Each structure stands twice: as C-alpha cells, then as structure tokens.
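> my_file32.cif (mmCIF, C-alpha atoms) pasted underneath:
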```
data_coords
#
loop_
_atom_site.group_PDB
_atom_site.id
_atom_site.type_symbol
_atom_site.label_atom_id
_atom_site.label_comp_id
_atom_site.auth_asym_id
_atom_site.auth_seq_id
_atom_site.Cartn_x
_atom_site.Cartn_y
_atom_site.Cartn_z
ATOM 1 C CA MET A 1453 0.000 0.000 0.000
ATOM 2 C CA GLN A 1454 2.889 2.390 0.689
ATOM 3 C CA VAL A 1455 4.315 1.525 -2.752
ATOM 4 C CA LEU A 1456 0.928 2.269 -4.301
ATOM 5 C CA ARG A 1457 0.831 5.592 -2.469
ATOM 6 C CA ALA A 1458 4.292 6.469 -3.829
ATOM 7 C CA VAL A 1459 3.123 5.741 -7.397
ATOM 8 C CA VAL A 1460 -0.064 7.786 -6.943
ATOM 9 C CA THR A 1461 1.707 10.801 -5.435
ATOM 10 C CA SER A 1462 4.554 10.778 -7.984
ATOM 11 C CA GLY A 1463 2.301 10.044 -10.979
ATOM 12 C CA SER A 1464 4.452 7.321 -12.521
ATOM 13 C CA VAL A 1465 5.994 3.931 -11.794
ATOM 14 C CA THR A 1466 9.421 5.162 -12.878
ATOM 15 C CA ALA A 1467 9.369 8.169 -10.523
ATOM 16 C CA ALA A 1468 8.154 6.017 -7.608
ATOM 17 C CA ALA A 1469 10.948 3.509 -8.300
ATOM 18 C CA ALA A 1470 13.546 6.292 -8.232
ATOM 19 C CA ASN A 1471 12.129 7.729 -4.994
ATOM 20 C CA LEU A 1472 11.978 4.363 -3.217
ATOM 21 C CA GLY A 1473 15.253 2.978 -4.579
ATOM 22 C CA TYR A 1474 13.597 0.054 -6.375
ATOM 23 C CA THR A 1475 13.515 -0.951 -10.031
ATOM 24 C CA PRO A 1476 10.386 -0.089 -12.056
ATOM 25 C CA SER A 1477 9.833 -3.842 -12.486
ATOM 26 C CA ALA A 1478 9.761 -4.359 -8.694
ATOM 27 C CA ILE A 1479 7.264 -1.519 -8.309
ATOM 28 C CA SER A 1480 5.028 -2.987 -11.002
ATOM 29 C CA GLN A 1481 5.134 -6.395 -9.313
ATOM 30 C CA GLN A 1482 4.112 -4.891 -5.972
ATOM 31 C CA VAL A 1483 1.180 -3.036 -7.539
ATOM 32 C CA SER A 1484 0.095 -6.145 -9.455
ATOM 33 C CA ALA A 1485 0.124 -8.216 -6.251
ATOM 34 C CA LEU A 1486 -1.964 -5.565 -4.491
ATOM 35 C CA GLU A 1487 -4.446 -5.441 -7.399
ATOM 36 C CA LYS A 1488 -4.783 -9.219 -7.182
ATOM 37 C CA GLU A 1489 -5.601 -8.963 -3.463
ATOM 38 C CA ALA A 1490 -8.016 -6.067 -4.057
ATOM 39 C CA GLY A 1491 -9.728 -7.861 -6.948
ATOM 40 C CA MET A 1492 -9.846 -4.749 -9.145
ATOM 41 C CA PRO A 1493 -7.482 -2.381 -10.995
ATOM 42 C CA LEU A 1494 -5.771 0.261 -8.896
ATOM 43 C CA LEU A 1495 -3.972 2.247 -11.638
ATOM 44 C CA GLU A 1496 -4.757 3.270 -15.186
ATOM 45 C CA ARG A 1497 -2.710 4.859 -17.954
ATOM 46 C CA ALA A 1498 -2.665 8.670 -18.142
ATOM 47 C CA GLY A 1499 -0.388 9.876 -20.941
ATOM 48 C CA ARG A 1500 3.185 8.891 -20.085
ATOM 49 C CA GLY A 1501 2.273 8.215 -16.463
ATOM 50 C CA VAL A 1502 -0.485 6.602 -14.444
ATOM 51 C CA ARG A 1503 -3.368 7.756 -12.302
ATOM 52 C CA PRO A 1504 -5.325 5.923 -9.599
ATOM 53 C CA THR A 1505 -8.669 4.328 -10.124
ATOM 54 C CA GLU A 1506 -11.316 4.928 -7.479
ATOM 55 C CA ALA A 1507 -10.054 1.827 -5.646
ATOM 56 C CA GLY A 1508 -6.485 3.091 -6.037
ATOM 57 C CA ARG A 1509 -7.373 6.451 -4.479
ATOM 58 C CA LEU A 1510 -9.163 4.667 -1.629
ATOM 59 C CA LEU A 1511 -6.193 2.447 -0.787
ATOM 60 C CA SER A 1512 -3.731 5.314 -1.247
ATOM 61 C CA ASP A 1513 -5.667 7.404 1.297
ATOM 62 C CA TYR A 1514 -5.667 4.499 3.749
ATOM 63 C CA ALA A 1515 -1.939 4.004 3.161
ATOM 64 C CA ALA A 1516 -1.369 7.639 4.161
ATOM 65 C CA ALA A 1517 -3.430 7.179 7.337
ATOM 66 C CA ILE A 1518 -1.587 3.959 8.189
ATOM 67 C CA GLY A 1519 1.740 5.686 7.645
ATOM 68 C CA ARG A 1520 0.789 8.474 10.056
ATOM 69 C CA THR A 1521 -0.363 5.947 12.672
ATOM 70 C CA VAL A 1522 2.845 3.922 12.375
ATOM 71 C CA ALA A 1523 4.910 7.097 12.750
ATOM 72 C CA GLU A 1524 2.911 8.068 15.847
ATOM 73 C CA ALA A 1525 3.403 4.586 17.280
ATOM 74 C CA GLU A 1526 7.151 4.781 16.681
ATOM 75 C CA THR A 1527 7.297 8.186 18.381
ATOM 76 C CA ALA A 1528 5.224 6.964 21.338
ATOM 77 C CA LEU A 1529 7.386 3.873 21.706
ATOM 78 C CA THR A 1530 10.546 5.990 21.627
ATOM 79 C CA ASP A 1531 9.093 8.325 24.279
ATOM 80 C CA LEU A 1532 8.210 5.337 26.447
ATOM 81 C CA ARG A 1533 11.628 3.748 25.993
ATOM 82 C CA GLU A 1534 13.438 6.993 26.835
ATOM 83 C CA GLY A 1535 11.176 7.791 29.802
ATOM 84 C CA ARG A 1536 9.312 10.750 28.328
ATOM 85 C CA ALA A 1537 5.942 8.987 28.586
ATOM 86 C CA GLY A 1538 4.274 6.190 30.510
ATOM 87 C CA ARG A 1539 2.699 5.549 33.890
ATOM 88 C CA VAL A 1540 4.390 4.655 37.181
ATOM 89 C CA THR A 1541 2.396 3.457 40.215
ATOM 90 C CA VAL A 1542 3.882 4.214 43.637
ATOM 91 C CA ARG A 1543 3.013 3.231 47.208
ATOM 92 C CA TYR A 1544 4.344 5.229 50.158
ATOM 93 C CA PHE A 1545 3.723 5.586 53.895
ATOM 94 C CA GLY A 1546 2.421 8.705 55.591
ATOM 95 C CA THR A 1547 5.542 10.251 57.131
ATOM 96 C CA ALA A 1548 7.427 9.882 53.833
ATOM 97 C CA GLY A 1549 4.800 11.985 52.060
ATOM 98 C CA ALA A 1550 5.583 15.650 52.703
ATOM 99 C CA PRO A 1551 9.366 15.484 53.245
ATOM 100 C CA LEU A 1552 10.271 12.857 50.624
ATOM 101 C CA MET A 1553 7.537 12.192 48.062
ATOM 102 C CA ALA A 1554 6.362 15.787 47.573
ATOM 103 C CA PRO A 1555 9.736 17.199 46.414
ATOM 104 C CA THR A 1556 10.322 14.063 44.339
ATOM 105 C CA LEU A 1557 7.029 14.458 42.481
ATOM 106 C CA ALA A 1558 7.576 18.192 41.997
ATOM 107 C CA ARG A 1559 10.962 17.514 40.396
ATOM 108 C CA LEU A 1560 9.572 14.795 38.111
ATOM 109 C CA ARG A 1561 6.748 17.032 36.910
ATOM 110 C CA GLU A 1562 9.431 19.403 35.640
ATOM 111 C CA THR A 1563 11.780 16.812 34.139
ATOM 112 C CA ARG A 1564 9.218 14.179 33.002
ATOM 113 C CA PRO A 1565 6.003 16.092 32.247
ATOM 114 C CA GLY A 1566 4.742 13.359 29.923
ATOM 115 C CA VAL A 1567 4.937 10.609 32.563
ATOM 116 C CA ARG A 1568 1.993 9.966 34.877
ATOM 117 C CA PHE A 1569 3.049 9.159 38.448
ATOM 118 C CA ASP A 1570 0.198 7.680 40.507
ATOM 119 C CA LEU A 1571 0.923 7.921 44.247
ATOM 120 C CA HIS A 1572 -1.159 5.959 46.747
ATOM 121 C CA LEU A 1573 -0.841 5.921 50.541
ATOM 122 C CA SER A 1574 -0.080 2.408 51.793
ATOM 123 C CA ASP A 1575 -0.669 2.961 55.540
ATOM 124 C CA PRO A 1576 -1.509 0.732 57.324
ATOM 125 C CA HIS A 1577 -1.078 -1.980 54.680
ATOM 126 C CA ASP A 1578 2.189 -3.633 53.696
ATOM 127 C CA PRO A 1579 2.861 -2.548 50.084
ATOM 128 C CA LEU A 1580 5.521 -5.191 49.355
ATOM 129 C CA PRO A 1581 3.016 -7.803 48.069
ATOM 130 C CA GLU A 1582 1.747 -5.237 45.567
ATOM 131 C CA VAL A 1583 5.296 -4.734 44.300
ATOM 132 C CA GLN A 1584 5.916 -8.489 44.176
ATOM 133 C CA GLN A 1585 2.714 -9.072 42.206
ATOM 134 C CA GLY A 1586 3.230 -6.154 39.822
ATOM 135 C CA ARG A 1587 0.330 -3.998 41.029
ATOM 136 C CA ALA A 1588 2.801 -1.286 42.057
ATOM 137 C CA ASP A 1589 6.012 -0.351 40.272
ATOM 138 C CA LEU A 1590 7.729 1.022 43.381
ATOM 139 C CA ALA A 1591 7.039 1.313 47.098
ATOM 140 C CA VAL A 1592 8.739 3.458 49.716
ATOM 141 C CA VAL A 1593 9.091 1.180 52.733
ATOM 142 C CA VAL A 1594 10.882 0.683 56.016
ATOM 143 C CA ARG A 1595 13.407 -2.114 55.616
ATOM 144 C CA PRO A 1596 11.903 -5.253 57.192
ATOM 145 C CA SER A 1597 13.801 -6.796 60.093
ATOM 146 C CA ILE A 1598 13.654 -10.195 58.350
ATOM 147 C CA GLY A 1599 15.856 -8.945 55.528
ATOM 148 C CA GLU A 1600 15.170 -8.498 51.834
ATOM 149 C CA PRO A 1601 11.838 -10.124 50.897
ATOM 150 C CA ALA A 1602 11.755 -12.682 48.071
ATOM 151 C CA GLY A 1603 11.307 -11.165 44.634
ATOM 152 C CA VAL A 1604 11.988 -7.600 45.781
ATOM 153 C CA ARG A 1605 15.069 -5.415 45.447
ATOM 154 C CA LEU A 1606 15.534 -2.795 48.167
ATOM 155 C CA ILE A 1607 17.343 0.444 47.324
ATOM 156 C CA PRO A 1608 18.495 2.386 50.430
ATOM 157 C CA LEU A 1609 17.285 5.987 50.679
ATOM 158 C CA LEU A 1610 18.029 7.286 54.178
ATOM 159 C CA ASP A 1611 18.269 6.351 57.840
ATOM 160 C CA ASP A 1612 15.589 7.866 60.046
ATOM 161 C CA PRO A 1613 16.712 7.852 63.726
ATOM 162 C CA TYR A 1614 14.206 7.879 66.570
ATOM 163 C CA ARG A 1615 14.044 10.679 69.116
ATOM 164 C CA VAL A 1616 12.721 10.691 72.669
ATOM 165 C CA ILE A 1617 9.673 12.903 73.208
ATOM 166 C CA LEU A 1618 9.252 14.123 76.806
ATOM 167 C CA PRO A 1619 6.668 16.357 78.494
ATOM 168 C CA ALA A 1620 7.951 19.839 79.165
ATOM 169 C CA GLY A 1621 9.406 19.994 82.662
ATOM 170 C CA HIS A 1622 10.274 16.279 82.769
ATOM 171 C CA PRO A 1623 13.467 15.738 84.824
ATOM 172 C CA LEU A 1624 15.178 13.954 81.915
ATOM 173 C CA ALA A 1625 14.588 16.969 79.663
ATOM 174 C CA GLU A 1626 17.582 18.650 81.274
ATOM 175 C CA ARG A 1627 19.881 16.366 79.284
ATOM 176 C CA ASP A 1628 20.687 16.851 75.609
ATOM 177 C CA VAL A 1629 21.222 13.144 75.001
ATOM 178 C CA LEU A 1630 19.574 10.236 76.843
ATOM 179 C CA ALA A 1631 20.487 6.597 77.145
ATOM 180 C CA LEU A 1632 17.564 4.408 76.141
ATOM 181 C CA GLY A 1633 17.839 2.634 79.478
ATOM 182 C CA ASP A 1634 16.987 5.927 81.212
ATOM 183 C CA LEU A 1635 13.400 5.382 80.037
ATOM 184 C CA ALA A 1636 13.022 1.877 81.472
ATOM 185 C CA ASP A 1637 10.804 2.925 84.384
ATOM 186 C CA GLU A 1638 8.811 5.548 82.505
ATOM 187 C CA PRO A 1639 5.186 5.137 81.339
ATOM 188 C CA TRP A 1640 5.262 4.865 77.546
ATOM 189 C CA VAL A 1641 2.966 6.141 74.828
ATOM 190 C CA GLY A 1642 3.018 3.768 71.873
ATOM 191 C CA SER A 1643 3.370 5.738 68.631
ATOM 192 C CA GLU A 1644 2.979 2.803 66.220
ATOM 193 C CA ARG A 1645 0.549 -0.049 65.690
ATOM 194 C CA SER A 1646 1.523 -3.444 67.058
ATOM 195 C CA SER A 1647 1.506 -4.829 63.482
ATOM 196 C CA ASP A 1648 3.778 -2.068 62.222
ATOM 197 C CA PRO A 1649 7.361 -3.212 61.485
ATOM 198 C CA CYS A 1650 8.547 0.068 62.997
ATOM 199 C CA GLN A 1651 7.351 -1.005 66.453
ATOM 200 C CA ALA A 1652 9.647 -4.016 66.233
ATOM 201 C CA ILE A 1653 12.563 -1.595 65.793
ATOM 202 C CA VAL A 1654 11.629 0.165 69.047
ATOM 203 C CA LEU A 1655 11.032 -3.057 70.984
ATOM 204 C CA ASP A 1656 14.293 -4.594 69.769
ATOM 205 C CA ALA A 1657 16.236 -1.490 70.813
ATOM 206 C CA CYS A 1658 14.604 -1.515 74.246
ATOM 207 C CA GLY A 1659 15.400 -5.211 74.563
ATOM 208 C CA ALA A 1660 19.042 -4.464 73.750
ATOM 209 C CA ALA A 1661 18.951 -1.841 76.531
ATOM 210 C CA GLY A 1662 17.669 -4.495 78.958
ATOM 211 C CA PHE A 1663 13.989 -3.659 79.388
ATOM 212 C CA THR A 1664 10.521 -3.903 77.885
ATOM 213 C CA PRO A 1665 8.629 -0.607 77.706
ATOM 214 C CA LYS A 1666 5.507 -0.230 79.849
ATOM 215 C CA PHE A 1667 2.885 1.064 77.426
ATOM 216 C CA VAL A 1668 0.029 2.934 79.078
ATOM 217 C CA VAL A 1669 -1.383 4.216 75.769
ATOM 218 C CA GLU A 1670 -1.377 2.775 72.271
ATOM 219 C CA SER A 1671 -1.973 5.735 69.969
ATOM 220 C CA GLY A 1672 -1.272 4.207 66.563
ATOM 221 C CA ASP A 1673 0.217 7.338 64.961
ATOM 222 C CA TYR A 1674 2.855 9.937 65.708
ATOM 223 C CA ALA A 1675 0.657 13.024 65.909
ATOM 224 C CA THR A 1676 -1.642 11.375 68.468
ATOM 225 C CA ALA A 1677 1.355 10.128 70.466
ATOM 226 C CA LEU A 1678 2.758 13.661 70.616
ATOM 227 C CA GLY A 1679 -0.572 14.852 71.979
ATOM 228 C CA PHE A 1680 -0.527 12.285 74.795
ATOM 229 C CA VAL A 1681 3.066 13.200 75.670
ATOM 230 C CA ALA A 1682 2.158 16.890 75.692
ATOM 231 C CA ALA A 1683 -0.604 16.061 78.177
ATOM 232 C CA GLY A 1684 1.969 14.450 80.482
ATOM 233 C CA ILE A 1685 0.703 10.862 80.038
ATOM 234 C CA GLY A 1686 4.104 9.372 79.260
ATOM 235 C CA VAL A 1687 7.153 9.415 77.012
ATOM 236 C CA ALA A 1688 7.438 8.221 73.420
ATOM 237 C CA LEU A 1689 9.913 7.399 70.693
ATOM 238 C CA VAL A 1690 9.146 8.984 67.329
ATOM 239 C CA PRO A 1691 11.305 8.907 64.179
ATOM 240 C CA ARG A 1692 12.536 12.259 62.932
ATOM 241 C CA LEU A 1693 10.309 12.142 59.858
ATOM 242 C CA GLY A 1694 7.358 11.928 62.245
ATOM 243 C CA LEU A 1695 8.248 15.241 63.891
ATOM 244 C CA ARG A 1696 6.481 17.535 61.448
ATOM 245 C CA ALA A 1697 4.222 19.318 63.942
ATOM 246 C CA VAL A 1698 5.665 19.171 67.458
ATOM 247 C CA PRO A 1699 3.549 20.700 70.260
ATOM 248 C CA SER A 1700 5.134 23.559 72.149
ATOM 249 C CA ASN A 1701 4.883 21.793 75.517
ATOM 250 C CA VAL A 1702 7.120 18.823 74.702
ATOM 251 C CA VAL A 1703 10.883 18.490 74.261
ATOM 252 C CA VAL A 1704 12.766 16.356 71.771
ATOM 253 C CA ARG A 1705 16.011 14.667 72.776
ATOM 254 C CA GLU A 1706 18.504 12.360 71.102
ATOM 255 C CA VAL A 1707 18.742 8.802 72.396
ATOM 256 C CA ARG A 1708 21.751 6.491 72.451
ATOM 257 C CA ALA A 1709 22.888 3.114 73.801
ATOM 258 C CA PRO A 1710 21.354 2.052 71.503
ATOM 259 C CA GLU A 1711 19.873 4.553 69.050
ATOM 260 C CA PRO A 1712 16.834 3.056 67.283
ATOM 261 C CA VAL A 1713 16.969 3.753 63.552
ATOM 262 C CA ARG A 1714 14.589 2.798 60.779
ATOM 263 C CA SER A 1715 16.055 2.425 57.290
ATOM 264 C CA ILE A 1716 13.853 3.771 54.510
ATOM 265 C CA CYS A 1717 14.185 2.157 51.087
ATOM 266 C CA SER A 1718 12.672 2.066 47.650
ATOM 267 C CA ALA A 1719 11.357 -1.382 46.733
ATOM 268 C CA VAL A 1720 11.046 -2.654 43.148
ATOM 269 C CA ARG A 1721 10.572 -6.116 41.664
ATOM 270 C CA ALA A 1722 13.880 -7.927 41.490
ATOM 271 C CA SER A 1723 13.043 -9.608 38.181
ATOM 272 C CA MET A 1724 11.842 -6.566 36.252
ATOM 273 C CA THR A 1725 13.701 -4.640 33.580
ATOM 274 C CA VAL A 1726 13.549 -1.148 35.024
ATOM 275 C CA PRO A 1727 12.098 1.300 32.451
ATOM 276 C CA SER A 1728 13.538 4.766 32.049
ATOM 277 C CA ALA A 1729 10.650 6.559 33.807
ATOM 278 C CA LEU A 1730 10.989 4.309 36.866
ATOM 279 C CA ASN A 1731 14.744 4.857 36.876
ATOM 280 C CA ALA A 1732 14.061 8.593 36.879
ATOM 281 C CA LEU A 1733 11.806 8.149 39.924
ATOM 282 C CA ILE A 1734 14.462 6.099 41.735
ATOM 283 C CA ASP A 1735 17.082 8.777 41.025
ATOM 284 C CA ALA A 1736 14.768 11.607 42.114
ATOM 285 C CA LEU A 1737 13.952 9.794 45.356
ATOM 286 C CA GLY A 1738 17.662 9.373 46.020
ATOM 287 C CA GLU A 1739 18.280 13.080 45.484
ATOM 288 C CA ALA A 1740 15.374 14.046 47.751
ATOM 289 C CA ALA A 1741 16.603 11.646 50.436
ATOM 290 C CA LEU A 1742 20.121 13.070 50.196
ATOM 291 C CA ALA A 1743 18.799 16.603 50.641
ATOM 292 C CA LEU A 1744 16.652 15.440 53.546
ATOM 293 C CA SER A 1745 19.607 13.747 55.233
ATOM 294 C CA ASP A 1746 21.601 16.968 55.070
ATOM 295 C CA HIS A 1747 21.697 18.351 58.614
ATOM 296 C CA ARG A 1748 20.748 21.818 57.437
ATOM 297 C CA SER A 1749 17.558 20.643 55.728
ATOM 298 C CA PHE A 1750 16.531 17.779 58.003
ATOM 299 C CA ILE A 1751 13.671 18.198 60.441
ATOM 300 C CA SER A 1752 14.849 20.060 63.507
ATOM 301 C CA ASP A 1753 15.292 18.022 66.662
ATOM 302 C CA GLU A 1754 14.266 21.007 68.733
ATOM 303 C CA PRO A 1755 11.512 23.217 67.239
ATOM 304 C CA GLU A 1756 11.778 26.881 67.991
ATOM 305 C CA SER A 1757 8.523 26.807 69.936
ATOM 306 C CA ALA A 1758 9.614 23.926 72.173
ATOM 307 C CA PRO A 1759 11.097 24.697 75.598
ATOM 308 C CA THR A 1760 14.823 24.150 75.862
ATOM 309 C CA ALA A 1761 16.657 22.618 78.740
#
```
Show the structure stored in the file as structure tokens.

Amino acid sequence: MQVLRAVVTSGSVTAAAANLGYTPSAISQQVSALEKEAGMPLLERAGRGVRPTEAGRLLSDYAAAIGRTVAEAETALTDLREGRAGRVTVRYFGTAGAPLMAPTLARLRETRPGVRFDLHLSDPHDPLPEVQQGRADLAVVVRPSIGEPAGVRLIPLLDDPYRVILPAGHPLAERDVLALGDLADEPWVGSERSSDPCQAIVLDACGAAGFTPKFVVESGDYATALGFVAAGIGVALVPRLGLRAVPSNVVVREVRAPEPVRSICSAVRASMTVPSALNALIDALGEAALALSDHRSFISDEPESAPTA
C-alpha cells in the first residue's frame, strides 16, 4: 500500500521507483500483487504516467493514514523507551509523604512532564506484596527486620533515627542526650501499631537496653502520640520524619545506647527490567533523600517553639 501511495503521489511507476530505490519492475510487481488482493485495478494509464482508479485512491488514502499511525506509534514507543511517557504506580507511607515524596514528584513534573506518576498511601497496609505481584512499580518502605523479601530489590534511601519525646518539665529533659535505658521505668505512649514493622525496631532497641517498655497508651500514629506526651501521660519514641508538627509543651532529645533507627528504602521487583521513567523516579527519590539527610535541611530536633533545657 505504501508503494501504491508512492506511485499515486509521484504520478508514474518510474518516478516512484527512483524515490523508493527500487527498479520499475519491482514496483510494477508490488502493484500487481496488491491489485490481485483487491480484486480490481488500482492504476490506469494517463499519458506517459499513471493515475489511480477509485479503488487506487481509496487504498492510497488508507496508506497515508496507516503511515501516520505507524509514525505516531514509533514516536510513542521511543518516548516510552526513553522515559518521556508512561505511567508509574507508587506506594508510600504517611511520614514519607511531605518530606520525601512531595519534592520528588515536583521535580519529576518538571523533568518528566509526559509521565503519569500515581501515588497511593499504603498505611496501614504492607505494600511489598503489591510490588511483588506487579500492582505497584515502586514502594517506599521501612526495611523489614527479616531482611530483603523474596522477589523484591531494596534500594536504600536514608536512615531515620528515633528521638525521645518528653513532656515539658520532665526531669530527663535537662539532658541533651539520653540513654535508652533511662526510660526503662517511665510510662510509655506507643506511637505505632503493634503490626507495624517500625514497632519491632523500638522493641528490639529496648530489649538491647535491657527492658521492655511499659505502654500505658497505644496511639497508633505519631501526631496522636505527641498529643498524649504533651498532656503528660508518658514518654514516646518517634522517628525524625514523624516530627512535622511538634507541640510547644514537649521536648525532643537524642537517644543512644542504643539509638533506634529505621532504614527507609525504595522497593522494586527484582526480576523486572527497570524502564527509564521508573529509573528517573528512583534517582529523584535518592536526590530528595540526600537533601533530607543533610543536617541543614533535616527536620529540627528542637523546634523553635519547644522549651529548651
């Protein structure tokens, strides 16, 4: 059909052969084969050249449309291959949203405007099965204590250390740094759900310090835990990414011996060939995490409104 179109637009078999780099005999054979398939003549003599019959004009017009569609498909495929188009589905947890995902998405909208990034909150569900089963292209997760899950590749982003949250006026607030064991006899406000892998990080650290925390409240999220601490109910451990809105009547202190830390990673399928758009997301997340880890841009351990020791 494209050969027929070349003959129709050039007006002769000889001119079409010269344009396409074929012999006139090869062009005539192609047209004859197409006429046999069509069951009717496609060209007729017109002086020294040829002109299309009604069927020839019909097929020539369709050949032009097909050519445009093929060109569009080639362009779209190139854009997809080079990461200028496509769709990437992402799962993330709440405290990674504002400090990590927001700047990442803002950067990608500038550098990859043709790519659609669909972000979905995974709390309180574990997003790793969705990555394993291909329902999500990437998930931002806390590294599981059991190690790297089967079928998933974890890409480290940043370490998020826990901080001790104390009511204002608490005797331990006079210290800049606390040993975890100093909190052994304190009433505790649980800041995470019992099914959350982050709570295992806290419990393991307390176990290494020789005690099991005495929880008097299970709040299930960091903002609620901060409210209970502000009311003087107990103390809590909250990761730094969870300290986005710290009440004025609590203090935040570093903790050591040991320091609980959660490792935040990107998770992708281990078996997949990573497309360019997903690679761009992985790189942008790494850059956002690096900026976040910088001491000057990380969340302050001691908000200006909080009392100081």
> Report the distance between atom CA of Ala1517 of chain A and atom CA of Gly1463 of chain A in Å, rounded to one decimal place.
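Computing it gives 19.4 Å between the two atoms.
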> Within 9 Å of segment 1723-1732 of chain A, which residues of segment 1572-1660 of chain A show up? Give each one with its shortest atom-to-atom distance in Å (one decimal) and the two atoms involved, counting only C-alpha atoms, rows by chain then rising residue number, as a tab-separated table.

```
residue	atom	partner	partner_atom	distance
A:Asp1589	CA	A:Leu1730	CA	7.6
A:Leu1590	CA	A:Leu1730	CA	8.0
A:Gly1603	CA	A:Ser1723	CA	6.9
A:Val1604	CA	A:Ser1723	CA	7.9
A:Arg1605	CA	A:Ser1723	CA	8.6
```
> Evaluate the PyMOL selection byres ((chain A and resi 1639) around 10) and record the selected residues as a ChimeraX atom specification, following the chain and residue labels used in the document.
/A:1635-1638,1640-1642,1665-1669,1684-1688
> What does the distance between atom CA of Val1583 of chain A and atom CA of Gln1651 of chain A come to in Å, to one decimal place?
22.6 Å
> Translate the PyMOL selection byres ((chain A and resi 1708) around 6) into a concrete residue list for this structure, as a list of chain:residue names.
A:Ala1631, A:Leu1632, A:Val1707, A:Ala1709, A:Pro1710, A:Glu1711
> As an exercise, work out the distance from atom CA of Ala1602 of chain A to atom CA of Ala1657 of chain A in Å and give it to one decimal place.
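Here the two named atoms are 25.7 Å from each other.
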> Evaluated on this file, the PyMOL selection byres ((chain A and resi 1588) around 9) picks out some residues - which ones are they, written as a list in words?
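When the PyMOL selection byres ((chain A and resi 1588) around 9) is applied to the shown file, the picked residues are Val1540, Thr1541, Val1542, Arg1543, Pro1579, Leu1580, Pro1581, Glu1582, Val1583, Gln1584, Gln1585, Gly1586, Arg1587, Asp1589, Leu1590, Ala1591 and Val1720 of chain A.
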> I need the chosen residues saved as a JSON list (two decimals), in the frame of the given file, with C-alpha atoms.

```json
[["chain", "number", "residue", "atom", "x", "y", "z"],
["A", 1540, "VAL", "CA", 4.39, 4.66, 37.18],
["A", 1541, "THR", "CA", 2.40, 3.46, 40.22],
["A", 1542, "VAL", "CA", 3.88, 4.21, 43.64],
["A", 1543, "ARG", "CA", 3.01, 3.23, 47.21],
["A", 1579, "PRO", "CA", 2.86, -2.55, 50.08],
["A", 1580, "LEU", "CA", 5.52, -5.19, 49.36],
["A", 1581, "PRO", "CA", 3.02, -7.80, 48.07],
["A", 1582, "GLU", "CA", 1.75, -5.24, 45.57],
["A", 1583, "VAL", "CA", 5.30, -4.73, 44.30],
["A", 1584, "GLN", "CA", 5.92, -8.49, 44.18],
["A", 1585, "GLN", "CA", 2.71, -9.07, 42.21],
["A", 1586, "GLY", "CA", 3.23, -6.15, 39.82],
["A", 1587, "ARG", "CA", 0.33, -4.00, 41.03],
["A", 1589, "ASP", "CA", 6.01, -0.35, 40.27],
["A", 1590, "LEU", "CA", 7.73, 1.02, 43.38],
["A", 1591, "ALA", "CA", 7.04, 1.31, 47.10],
["A", 1720, "VAL", "CA", 11.05, -2.65, 43.15]]
```
> Between A:Asp1634, A:Asp1570, A:Glu1489, A:Asp1735, which has the minimum distance to Arg1539 of chain A (counting only C-alpha atoms)?
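Closest to Arg1539 of chain A of all the choices is A:Asp1570.
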> Using only C-alpha atoms, which protein or nucleic acid residues come within 12 Å of Tyr1544 of chain A? Drop anything in the same chain fewer than 3 positions from it, and give the result as a ChimeraX atom specification.
/A:1541,1547-1554,1570-1580,1582-1583,1588-1594,1716-1719,1737
> So that I have them on file, write out the residues from the current selection with C-alpha atoms, as a PDB file, in the frame of the given file.

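File written: part36.pdb
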```pdb
ATOM      1  CA  THR A1541       2.396   3.457  40.215  1.00  0.00           C
ATOM      2  CA  THR A1547       5.542  10.251  57.131  1.00  0.00           C
ATOM      3  CA  ALA A1548       7.427   9.882  53.833  1.00  0.00           C
ATOM      4  CA  GLY A1549       4.800  11.985  52.060  1.00  0.00           C
ATOM      5  CA  ALA A1550       5.583  15.650  52.703  1.00  0.00           C
ATOM      6  CA  PRO A1551       9.366  15.484  53.245  1.00  0.00           C
ATOM      7  CA  LEU A1552      10.271  12.857  50.624  1.00  0.00           C
ATOM      8  CA  MET A1553       7.537  12.192  48.062  1.00  0.00           C
ATOM      9  CA  ALA A1554       6.362  15.787  47.573  1.00  0.00           C
ATOM     10  CA  ASP A1570       0.198   7.680  40.507  1.00  0.00           C
ATOM     11  CA  LEU A1571       0.923   7.921  44.247  1.00  0.00           C
ATOM     12  CA  HIS A1572      -1.159   5.959  46.747  1.00  0.00           C
ATOM     13  CA  LEU A1573      -0.841   5.921  50.541  1.00  0.00           C
ATOM     14  CA  SER A1574      -0.080   2.408  51.793  1.00  0.00           C
ATOM     15  CA  ASP A1575      -0.669   2.961  55.540  1.00  0.00           C
ATOM     16  CA  PRO A1576      -1.509   0.732  57.324  1.00  0.00           C
ATOM     17  CA  HIS A1577      -1.078  -1.980  54.680  1.00  0.00           C
ATOM     18  CA  ASP A1578       2.189  -3.633  53.696  1.00  0.00           C
ATOM     19  CA  PRO A1579       2.861  -2.548  50.084  1.00  0.00           C
ATOM     20  CA  LEU A1580       5.521  -5.191  49.355  1.00  0.00           C
ATOM     21  CA  GLU A1582       1.747  -5.237  45.567  1.00  0.00           C
ATOM     22  CA  VAL A1583       5.296  -4.734  44.300  1.00  0.00           C
ATOM     23  CA  ALA A1588       2.801  -1.286  42.057  1.00  0.00           C
ATOM     24  CA  ASP A1589       6.012  -0.351  40.272  1.00  0.00           C
ATOM     25  CA  LEU A1590       7.729   1.022  43.381  1.00  0.00           C
ATOM     26  CA  ALA A1591       7.039   1.313  47.098  1.00  0.00           C
ATOM     27  CA  VAL A1592       8.739   3.458  49.716  1.00  0.00           C
ATOM     28  CA  VAL A1593       9.091   1.180  52.733  1.00  0.00           C
ATOM     29  CA  VAL A1594      10.882   0.683  56.016  1.00  0.00           C
ATOM     30  CA  ILE A1716      13.853   3.771  54.510  1.00  0.00           C
ATOM     31  CA  CYS A1717      14.185   2.157  51.087  1.00  0.00           C
ATOM     32  CA  SER A1718      12.672   2.066  47.650  1.00  0.00           C
ATOM     33  CA  ALA A1719      11.357  -1.382  46.733  1.00  0.00           C
ATOM     34  CA  LEU A1737      13.952   9.794  45.356  1.00  0.00           C
TER      35      LEU A1737
END
```
> Using the file's own x, y and z axes, what box holds all listed atoms of segment 1632-1647 of chain A with 3 Å on each side, keeping edges along x, y and z, and what are its centre and edge lengths in Å to one decimal, as AutoDock Vina command-line options?

```
--center_x 9.2 --center_y 0.7 --center_z 73.9 --size_x 23.3 --size_y 17.0 --size_z 26.9
```
